[in-house]
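A quick write-up on the structure given underneath.
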Amino acid sequence: MALNLKILPQSSFGLAGYWGLQESVTIPFYDYESNSSNYFGIKDWGISLQYGAEFSGSVNSSLYLLAIAKKLGNHSLSARFTPGYQKEFLFATGESIIINDTTTQSLEANYNYKELFGLGYSYRFNEQFNAGLAVRFFSQDFKQEIVKPVFGDTLYLVRETLDEKANMWNVDLGIDYIINKEFQLRAASINLFNFKDGFINEEFQGFEMNQNREALLMASYMPADFFNLHLLYETSNSFQVSTTGYAKGFTYGLTAFHDYYQEPYIAGVVPALGYRTDFFEVLLSGVKYFSERNSNASFSKFYEEGINNIINNRYSFDKVVLSLALKISSTPEKKVELINVDIVRDIYPTFYDKYIEQPFAYGKVLNISDKPVNIIPSVKIEGVTQDKIQSPSQMIAPGDTATVPFYLIIPDKYIIDKATLSYADFYVTTSSTEPDAQLQKAALINSINSWDGNVSNLRYFIMRDIDFSMNHAKSILSKKKSVIDTIPSAISVFIKSKILFNDFVKGLVYTSDPRATAEYVQFPKQTIELKGGDCDDLSVAYSSLLESVGIQTALVDYKEDSEIRHVNVLINTQLASSQAEFITNNDSKYFIRKNEQGKDEIWIPIETTSLTNFDEAWNVGVEKFNREGLEKLGIATGKVDIIDVY
Amino acid sequence: MKIFIITLLLATSLVAQDFKATNIKGDVKYRSGTSEVWVEVNEGTALGSDDFVITGAKSSVQIKGSKNIINLEEFTAVSISSIKTMSTDDLLLALAMEDMINAPKPNGKNNSSSTAVYGNKEGQNKNPDLKADDFGLKRLNGAIRLAKSGFKESSVVFAKETYRKYPDSRKIPSYRIFFAGILYEKGLYEEALAEYLDIAKLDLSKEEKSKVESQTQSINKILLNN
């Protein structure tokens with residue numbers, strides 16, 4: 001008997017047509033035939049069944065498929081039971097026996113091919129790559145009646161049935177490459193690995209499934225949700241072309257297939273129409289062949305031509321299939337994708353609340369659902385934040401991509417001595433507590449003494465040690481209580497500022513930053529205990545002492561030279577302009593600013609690096625402020641900035 | 001606003017000059033930098049950019065620089081650094097700086113008096129209770145001397161600083177009208193209009209009121225036609 005049958009295990013033909021790889025639908029993916037990589041767009045559990053009828057003269061209905069899928073992070077697992085994936089052939093062998101009453105009885109042969117169940121696994125490497133495998137179990141159950149002579153006194157012919165079953169395991173691999181939102185490529189093997197039993201009976205050999213190794217190549221172009229175009233090619237020279245889409249919950253698909261083993265050139269179509277929600281999908285599909293279906297064929301013709309697919313062959317009939325899928329999940333379906341996150345600001349732990357006002361990162365979030373989605377971005381940084389820090393929610397229209405800011409709160413007592421590379425986990429959550437999408441990025445956490453060079457951020461250094469500063473300032477002022485108690489209240493602030501400065505500078509030495517960098521700032525306690533610092537450190541410490549006892553200060557940022565910047569302090573004396581003579585007869589030694597109530601107040605500049613006494617520091621501060629800020633119009637040109645500590 | 005679109009080109013006139021005092025008559029003193037002490041000015045006294053010169057009653061002095069010269073009359077105070085030519089752009093920047101430093105705004109209330117403190121017609125109007133030797137008034141007189149000596153832009157800046165430090169000096173309409181006129185003359189219509197509208201809130205004489213109204217109407221026409 002020639003071994004020329006072409007009965008192949010299932011390849012690419014699915015009862016719902018070909019849909020490409022889409023997050024928006026799940027039913028087509030229970031067809032391992034068109035989803036070799038086994039990727040599922042579910043978030044937790046998915047259950048699906050396909051029930052259909054085949055129109056072969058009479059209507060034969062059966063449960064084609066019952067499947068379950070589970071997603072665990074980037075892993076997808078699935079299993080399916082396929083009782084309807086079978087094809088049975090019943091033939092007269094051409095032999096017959098004559099029974100005693102002279103009636104003739106033909107001998108029969110029965111060939112039953114089944115795919116019983118399958119298992120699938122997929123791993124999502126990143127946004128662009130999935131890879132997976134499908135393992136399927138096939139059974140071939142063959143029976144053939146034969147006439148067996150029995151020798152005795154008389155020669156008897158006895159009808160016997162040869163019955164043999166051979167099982168086969170089939171393993172195929174698949175990979176998906178999602179180039180971008182519009183283009184994707186997929187590739188899979190056909191019959192890559194086969195583990196099978198052989199038939200012992202010579203009569204059955206040659207009827208077993210063939211396992212030619214082939215490949216499956218798929219490409220999709222998906223310019224819009226409502227219109228996707230797919231091409232599937234098998235190296236056996238079969239192909240499928242399909243269009244699919246969805247809008248407002250409705251899905252459609254139309255697949256035309258060319259089968260190398262069937263006529264005409266386009267052997268048939270698979271139309272499908274469905275409806276989906278976040279929790280279930282229903283899809284009604286059909287298979288319509290364009291050629292007359294063969295319900296009868298000779299044993300010899302079957303022997304010569306064979307079949308190439310269990311559910312799609314020249315002996316298959318038109319079908320109607322109803323597919324149902326449930327998405328059983330403690331977490332809803334993924335509605336958004338976090339495409340990318342860009343960290344735009346280095347993290348300085350001392351600026352603990354700065355990142356509440358200014359985002360430190362921006363993410364691009366895509367709404368992959370067909371409804372507006374309210375997203376809540378959040379971030380957690382390993383070793384810095386204990387919980388996720390939520391940013392304001394934002395509404396994204398269906399299919400839109402939005403730029404989403406990520407804000408951060410750093411615990412105000414967080415301490416880190418040296419810069420450390422950590423990881424920031426960015427999350428985007430929609431309706432549940434579990435994030436729909438997340439992304440991890442490396443983030444540099446600077447030390448608590450690090451400073452970004454922006455003078456406005458020195459206020460964080462001023463306020464961080466405010467308790468220490470208050471105790472220190474009160475201790476100094478208490479020693480001068482007798483003086484303070486006897487002065488007019490109008491000049492109380494001025495006198496206190498003077499007392500604090502004159503005590504502050506005792507024994508202080510001007511020292512530059514470590515390694516002459518401008519990015520290291522000491523806290524007031526460090527400056528006072530170390531008895532030294534540069535202009536940033538001294539200004540921070542003096543300002544902190546004043547602020548701690550309720551004296552308003554500002555910092556002056558002199559940027560006249562890009563290489564060497566300078567900072568000193570302004571003090572609000574709280575004196576009205578008419579009270580200037582209480583502190584000076586020289587009107588060039590102060591300037592006027594309005595307070596929040598619109599009242600004029602006298603401010604004086606103090607050069608904190610002038611480590612002599614208050615009067616000298618005031619004079620030096622005035623000279624610099626008048627020259628750089630006023631005469632050279634530095635304040636107008638932005639070369640000199642006044643930055644209020646509060 | 002124009003102020004915010006002007007690019008700074010600091011004029012060479014901002015470079016410090018050396019000055020000398022001559023033709024001294026009466027009580028003329030100067031103060032250097034942050035010093036609290038006024039020192040008598042003598043013939044030929046060298047004056048630097050951080051010096052401030054003040055004259056008393058019936059006193060005068062001529063201050064000469066290599067390029068600039070100014071005559072100060074009685075009850076005048078002027079900063080040497082103000083004796084300089086400025087471009088209109090520099091003036092705009094300086095006015096912007098006033099806003100940035102948070103210059104005081106008029107309170108709209110004025111208890112006028114009839115004390116005349118300035119010898120010519122600019123001062124012959126209703127004034128608050130200020131004495132002739134009030135330092136704020138002396139500064140305004142100095143600002144007027146700057147303007148009349150050709151340093152009009154600088155005079156406005158000097159006057160503005162005076163208004164900030166001596167708020168009562170803002171209540172004298174004649175000075176305000178004088179400096180608003182300079183803004184108008186320099187084509188700084190928006191700034192001039194703001195000043196005239198503020199001046200209109202003061203207690204004005206008929207002449208002053210008429211002047212302010214006509215100038216306001218004139219600026220409005222110009223701004224509407226632009």
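Identifiers in the structure tokens: chain A, B, ... in order shown; residue index from 1 per chain; ligand index from 1 in order shown.
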Using only C-alpha atoms, which chain A residues lie at most 10 Å away from chain B, written as a PDB file with N, CA and C atoms, in the first residue's frame?
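Output contents, as saved in out_22.pdb:
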ATOM      1  N   ALA A 576       8.468 100.351  58.261  1.00  0.00           N
ATOM      2  CA  ALA A 576       7.851 101.097  57.159  1.00  0.00           C
ATOM      3  C   ALA A 576       8.889 102.050  56.585  1.00  0.00           C
ATOM      4  N   SER A 577       8.645 102.533  55.374  1.00  0.00           N
ATOM      5  CA  SER A 577       9.633 103.417  54.740  1.00  0.00           C
ATOM      6  C   SER A 577       9.882 104.664  55.585  1.00  0.00           C
ATOM      7  N   SER A 578       8.846 105.089  56.285  1.00  0.00           N
ATOM      8  CA  SER A 578       9.013 106.298  57.107  1.00  0.00           C
ATOM      9  C   SER A 578       9.844 106.022  58.361  1.00  0.00           C
ATOM     10  N   ALA A 580      12.750 104.346  58.304  1.00  0.00           N
ATOM     11  CA  ALA A 580      14.108 103.990  57.894  1.00  0.00           C
ATOM     12  C   ALA A 580      15.159 104.615  58.790  1.00  0.00           C
ATOM     13  N   THR A 584      19.070 103.639  59.767  1.00  0.00           N
ATOM     14  CA  THR A 584      20.122 104.292  58.962  1.00  0.00           C
ATOM     15  C   THR A 584      19.662 105.660  58.481  1.00  0.00           C
ATOM     16  N   ASN A 585      20.668 106.518  58.240  1.00  0.00           N
ATOM     17  CA  ASN A 585      20.379 107.810  57.620  1.00  0.00           C
ATOM     18  C   ASN A 585      20.735 107.786  56.146  1.00  0.00           C
ATOM     19  N   ASN A 586      21.183 106.626  55.688  1.00  0.00           N
ATOM     20  CA  ASN A 586      21.607 106.515  54.291  1.00  0.00           C
ATOM     21  C   ASN A 586      20.564 105.698  53.528  1.00  0.00           C
ATOM     22  N   ASP A 587      19.802 106.398  52.684  1.00  0.00           N
ATOM     23  CA  ASP A 587      18.701 105.696  52.015  1.00  0.00           C
ATOM     24  C   ASP A 587      19.162 104.755  50.909  1.00  0.00           C
ATOM     25  N   SER A 588      20.462 104.693  50.661  1.00  0.00           N
ATOM     26  CA  SER A 588      20.935 103.714  49.678  1.00  0.00           C
ATOM     27  C   SER A 588      21.186 102.354  50.330  1.00  0.00           C
ATOM     28  N   LYS A 589      21.017 102.268  51.660  1.00  0.00           N
ATOM     29  CA  LYS A 589      21.316 101.016  52.362  1.00  0.00           C
ATOM     30  C   LYS A 589      20.097 100.115  52.517  1.00  0.00           C
ATOM     31  N   TYR A 590      19.026 100.468  51.906  1.00  0.00           N
ATOM     32  CA  TYR A 590      17.845  99.619  51.976  1.00  0.00           C
ATOM     33  C   TYR A 590      17.016  99.808  50.707  1.00  0.00           C
ATOM     34  N   PHE A 591      16.073  98.967  50.549  1.00  0.00           N
ATOM     35  CA  PHE A 591      15.085  99.176  49.481  1.00  0.00           C
ATOM     36  C   PHE A 591      13.722  98.715  49.976  1.00  0.00           C
ATOM     37  N   ILE A 592      12.724  99.083  49.201  1.00  0.00           N
ATOM     38  CA  ILE A 592      11.345  98.893  49.660  1.00  0.00           C
ATOM     39  C   ILE A 592      10.672  97.768  48.877  1.00  0.00           C
ATOM     40  N   ARG A 593       9.986  96.935  49.601  1.00  0.00           N
ATOM     41  CA  ARG A 593       9.120  95.930  48.959  1.00  0.00           C
ATOM     42  C   ARG A 593       7.770  95.949  49.649  1.00  0.00           C
ATOM     43  N   LYS A 594       6.768  95.603  48.887  1.00  0.00           N
ATOM     44  CA  LYS A 594       5.438  95.524  49.494  1.00  0.00           C
ATOM     45  C   LYS A 594       5.252  94.140  50.111  1.00  0.00           C
ATOM     46  N   ASN A 595       4.559  94.113  51.228  1.00  0.00           N
ATOM     47  CA  ASN A 595       4.207  92.801  51.778  1.00  0.00           C
ATOM     48  C   ASN A 595       2.861  92.356  51.197  1.00  0.00           C
ATOM     49  N   GLY A 598       0.072  94.685  51.075  1.00  0.00           N
ATOM     50  CA  GLY A 598       0.283  95.909  50.301  1.00  0.00           C
ATOM     51  C   GLY A 598       1.023  96.983  51.075  1.00  0.00           C
ATOM     52  N   LYS A 599       1.557  96.614  52.211  1.00  0.00           N
ATOM     53  CA  LYS A 599       2.261  97.602  53.038  1.00  0.00           C
ATOM     54  C   LYS A 599       3.747  97.613  52.674  1.00  0.00           C
ATOM     55  N   ASP A 600       4.308  98.834  52.580  1.00  0.00           N
ATOM     56  CA  ASP A 600       5.734  98.963  52.261  1.00  0.00           C
ATOM     57  C   ASP A 600       6.585  98.518  53.444  1.00  0.00           C
ATOM     58  N   GLU A 601       7.637  97.772  53.121  1.00  0.00           N
ATOM     59  CA  GLU A 601       8.544  97.338  54.181  1.00  0.00           C
ATOM     60  C   GLU A 601       9.987  97.492  53.717  1.00  0.00           C
ATOM     61  N   ILE A 602      10.851  97.777  54.669  1.00  0.00           N
ATOM     62  CA  ILE A 602      12.269  98.001  54.361  1.00  0.00           C
ATOM     63  C   ILE A 602      13.025  96.677  54.413  1.00  0.00           C
ATOM     64  N   ASP A 615      27.173  95.119  60.756  1.00  0.00           N
ATOM     65  CA  ASP A 615      27.208  96.390  60.031  1.00  0.00           C
ATOM     66  C   ASP A 615      28.066  96.282  58.779  1.00  0.00           C
ATOM     67  N   GLU A 616      29.206  95.613  58.938  1.00  0.00           N
ATOM     68  CA  GLU A 616      30.098  95.449  57.789  1.00  0.00           C
ATOM     69  C   GLU A 616      29.434  94.569  56.729  1.00  0.00           C
ATOM     70  N   TRP A 618      26.306  94.180  56.244  1.00  0.00           N
ATOM     71  CA  TRP A 618      25.224  94.970  55.623  1.00  0.00           C
ATOM     72  C   TRP A 618      25.812  95.889  54.550  1.00  0.00           C
ATOM     73  N   ASN A 619      26.882  96.587  54.897  1.00  0.00           N
ATOM     74  CA  ASN A 619      27.498  97.505  53.933  1.00  0.00           C
ATOM     75  C   ASN A 619      27.972  96.773  52.683  1.00  0.00           C
ATOM     76  N   VAL A 620      28.616  95.629  52.897  1.00  0.00           N
ATOM     77  CA  VAL A 620      29.113  94.871  51.743  1.00  0.00           C
ATOM     78  C   VAL A 620      27.937  94.371  50.898  1.00  0.00           C
ATOM     79  N   VAL A 622      24.974  95.725  50.670  1.00  0.00           N
ATOM     80  CA  VAL A 622      24.353  96.863  49.983  1.00  0.00           C
ATOM     81  C   VAL A 622      25.143  97.234  48.730  1.00  0.00           C
ATOM     82  N   GLU A 623      26.455  97.307  48.886  1.00  0.00           N
ATOM     83  CA  GLU A 623      27.283  97.706  47.737  1.00  0.00           C
ATOM     84  C   GLU A 623      27.076  96.758  46.565  1.00  0.00           C
ATOM     85  N   ASN A 626      23.359  97.103  45.219  1.00  0.00           N
ATOM     86  CA  ASN A 626      23.134  98.343  44.468  1.00  0.00           C
ATOM     87  C   ASN A 626      23.853  98.325  43.123  1.00  0.00           C
ATOM     88  N   ARG A 627      25.082  97.781  43.162  1.00  0.00           N
ATOM     89  CA  ARG A 627      25.887  97.782  41.930  1.00  0.00           C
ATOM     90  C   ARG A 627      25.340  96.779  40.915  1.00  0.00           C
ATOM     91  N   GLY A 629      22.549  94.702  41.175  1.00  0.00           N
ATOM     92  CA  GLY A 629      21.101  94.579  41.000  1.00  0.00           C
ATOM     93  C   GLY A 629      20.448  95.820  40.439  1.00  0.00           C
ATOM     94  N   LEU A 630      20.866  96.990  40.950  1.00  0.00           N
ATOM     95  CA  LEU A 630      20.176  98.216  40.582  1.00  0.00           C
ATOM     96  C   LEU A 630      20.888  98.992  39.474  1.00  0.00           C
ATOM     97  N   GLU A 631      22.149  99.383  39.724  1.00  0.00           N
ATOM     98  CA  GLU A 631      22.827 100.218  38.730  1.00  0.00           C
ATOM     99  C   GLU A 631      22.998  99.494  37.402  1.00  0.00           C
ATOM    100  N   LYS A 632      23.369  98.227  37.459  1.00  0.00           N
ATOM    101  CA  LYS A 632      23.552  97.463  36.216  1.00  0.00           C
ATOM    102  C   LYS A 632      22.244  96.831  35.742  1.00  0.00           C
ATOM    103  N   LEU A 633      21.161  97.194  36.386  1.00  0.00           N
ATOM    104  CA  LEU A 633      19.824  96.695  36.026  1.00  0.00           C
ATOM    105  C   LEU A 633      19.765  95.166  36.046  1.00  0.00           C
ATOM    106  N   GLY A 634      20.568  94.554  36.932  1.00  0.00           N
ATOM    107  CA  GLY A 634      20.632  93.088  36.978  1.00  0.00           C
ATOM    108  C   GLY A 634      19.300  92.443  37.308  1.00  0.00           C
ATOM    109  N   ILE A 635      18.522  93.109  38.151  1.00  0.00           N
ATOM    110  CA  ILE A 635      17.219  92.526  38.515  1.00  0.00           C
ATOM    111  C   ILE A 635      16.300  92.510  37.298  1.00  0.00           C
ATOM    112  N   ALA A 636      16.394  93.562  36.465  1.00  0.00           N
ATOM    113  CA  ALA A 636      15.542  93.626  35.270  1.00  0.00           C
ATOM    114  C   ALA A 636      15.995  92.636  34.211  1.00  0.00           C
ATOM    115  N   THR A 637      17.287  92.452  34.108  1.00  0.00           N
ATOM    116  CA  THR A 637      17.800  91.579  33.046  1.00  0.00           C
ATOM    117  C   THR A 637      17.862  90.116  33.475  1.00  0.00           C
ATOM    118  N   GLY A 638      17.561  89.834  34.736  1.00  0.00           N
ATOM    119  CA  GLY A 638      17.550  88.451  35.199  1.00  0.00           C
ATOM    120  C   GLY A 638      18.898  87.974  35.680  1.00  0.00           C
ATOM    121  N   ASP A 641      18.549  87.689  40.893  1.00  0.00           N
ATOM    122  CA  ASP A 641      17.196  87.254  41.271  1.00  0.00           C
ATOM    123  C   ASP A 641      16.999  87.404  42.770  1.00  0.00           C
ATOM    124  N   ILE A 642      15.799  87.866  43.126  1.00  0.00           N
ATOM    125  CA  ILE A 642      15.431  87.875  44.548  1.00  0.00           C
ATOM    126  C   ILE A 642      14.466  86.715  44.759  1.00  0.00           C
TER     127      ILE A 642
END
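Residues in contact with segment 355-360 of chain A at up to 7 Å, not including ones fewer than 3 positions away on its chain and judged by only C-alpha atoms, are Ile343, Val344, Arg345, Pro405, Phe406, Tyr407, Leu408 and Ile409 of chain A.
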Strand (DSSP E or B) residues, from DSSP on the backbone, in segment 337-434 of chain A, as a ChimeraX atom specification: /A:337-343,347,361-367,373-381,389-390,394-396,401-406,420-429
- prompt: So how many Å separate atom CA of Phe75 of chain B and atom CA of Gly44 of chain B, to one decimal?
  reply: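 Calculated distance between atom CA of Phe75 of chain B and atom CA of Gly44 of chain B is 20.9 Å.
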- line: The distance between atom CA of Leu47 of chain B and atom CA of Val78 of chain B is 11.8 Å
task: Mind checking which residues fall within 7 Å of Ser189 of chain A, counting only C-alpha atoms, ignoring those fewer than 2 positions away in the same chain, and posting them as a count of residues only?
output: 8
At a cut-off of 10 Å, using only C-alpha atoms, what residues contact Ser169 of chain B? Leave out same-chain residues fewer than 3 positions from it and give the result as a tab-separated table (two decimals) with C-alpha atoms, in the first residue's frame.
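Result file result34.tsv:
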chain	number	residue	atom	x	y	z
B	127	ASN	CA	1.75	119.53	48.47
B	128	PRO	CA	1.54	117.19	51.41
B	129	ASP	CA	2.95	118.21	54.73
B	130	LEU	CA	6.52	118.15	53.64
B	134	ASP	CA	12.69	116.85	53.41
B	135	PHE	CA	15.13	114.45	51.83
B	136	GLY	CA	12.48	113.03	49.52
B	137	LEU	CA	11.67	116.47	48.15
B	138	LYS	CA	15.35	117.21	47.75
B	139	ARG	CA	15.70	114.03	45.73
B	140	LEU	CA	12.78	115.04	43.51
B	159	ALA	CA	12.34	109.97	40.82
B	162	THR	CA	12.48	108.43	45.51
B	163	TYR	CA	8.75	107.69	45.35
B	164	ARG	CA	9.43	104.20	46.64
B	165	LYS	CA	11.57	105.27	49.57
B	166	TYR	CA	9.67	108.43	50.40
B	172	ILE	CA	2.93	116.07	45.05
B	173	PRO	CA	1.14	116.32	41.68
B	175	TYR	CA	6.47	116.47	40.20
B	176	ARG	CA	4.43	113.50	39.13
query: Got a sec: who's within 6 Å of segment 40-55 of chain A, counting only C-alpha atoms, leaving out chain neighbours fewer than 4 positions off, as a list in words?
result: Glu23, Thr26, Val59, Asn60, Ser61, Ser62, Leu63, Tyr64, Leu65, Leu66, Ala67, Ile68, Ala69, Lys70, Lys71, Phe317, Asp318, Lys319, Val320, Val321, Leu322, Ser323, Leu324, Ala325, Leu326, Lys327, Ile328, Ser329 and Glu333 of chain A
message: I'd like the contact shell of Gln574 of chain A - 9 Å cut-off, only C-alpha atoms, skipping same-chain residues fewer than 4 positions apart - returned as a list of chain:residue names.
response: A:Ala490, A:Ile491, A:Val493, A:Phe494, A:Ile551, A:Gln552, A:Asp600, A:Glu601, A:Ile602, A:Trp603
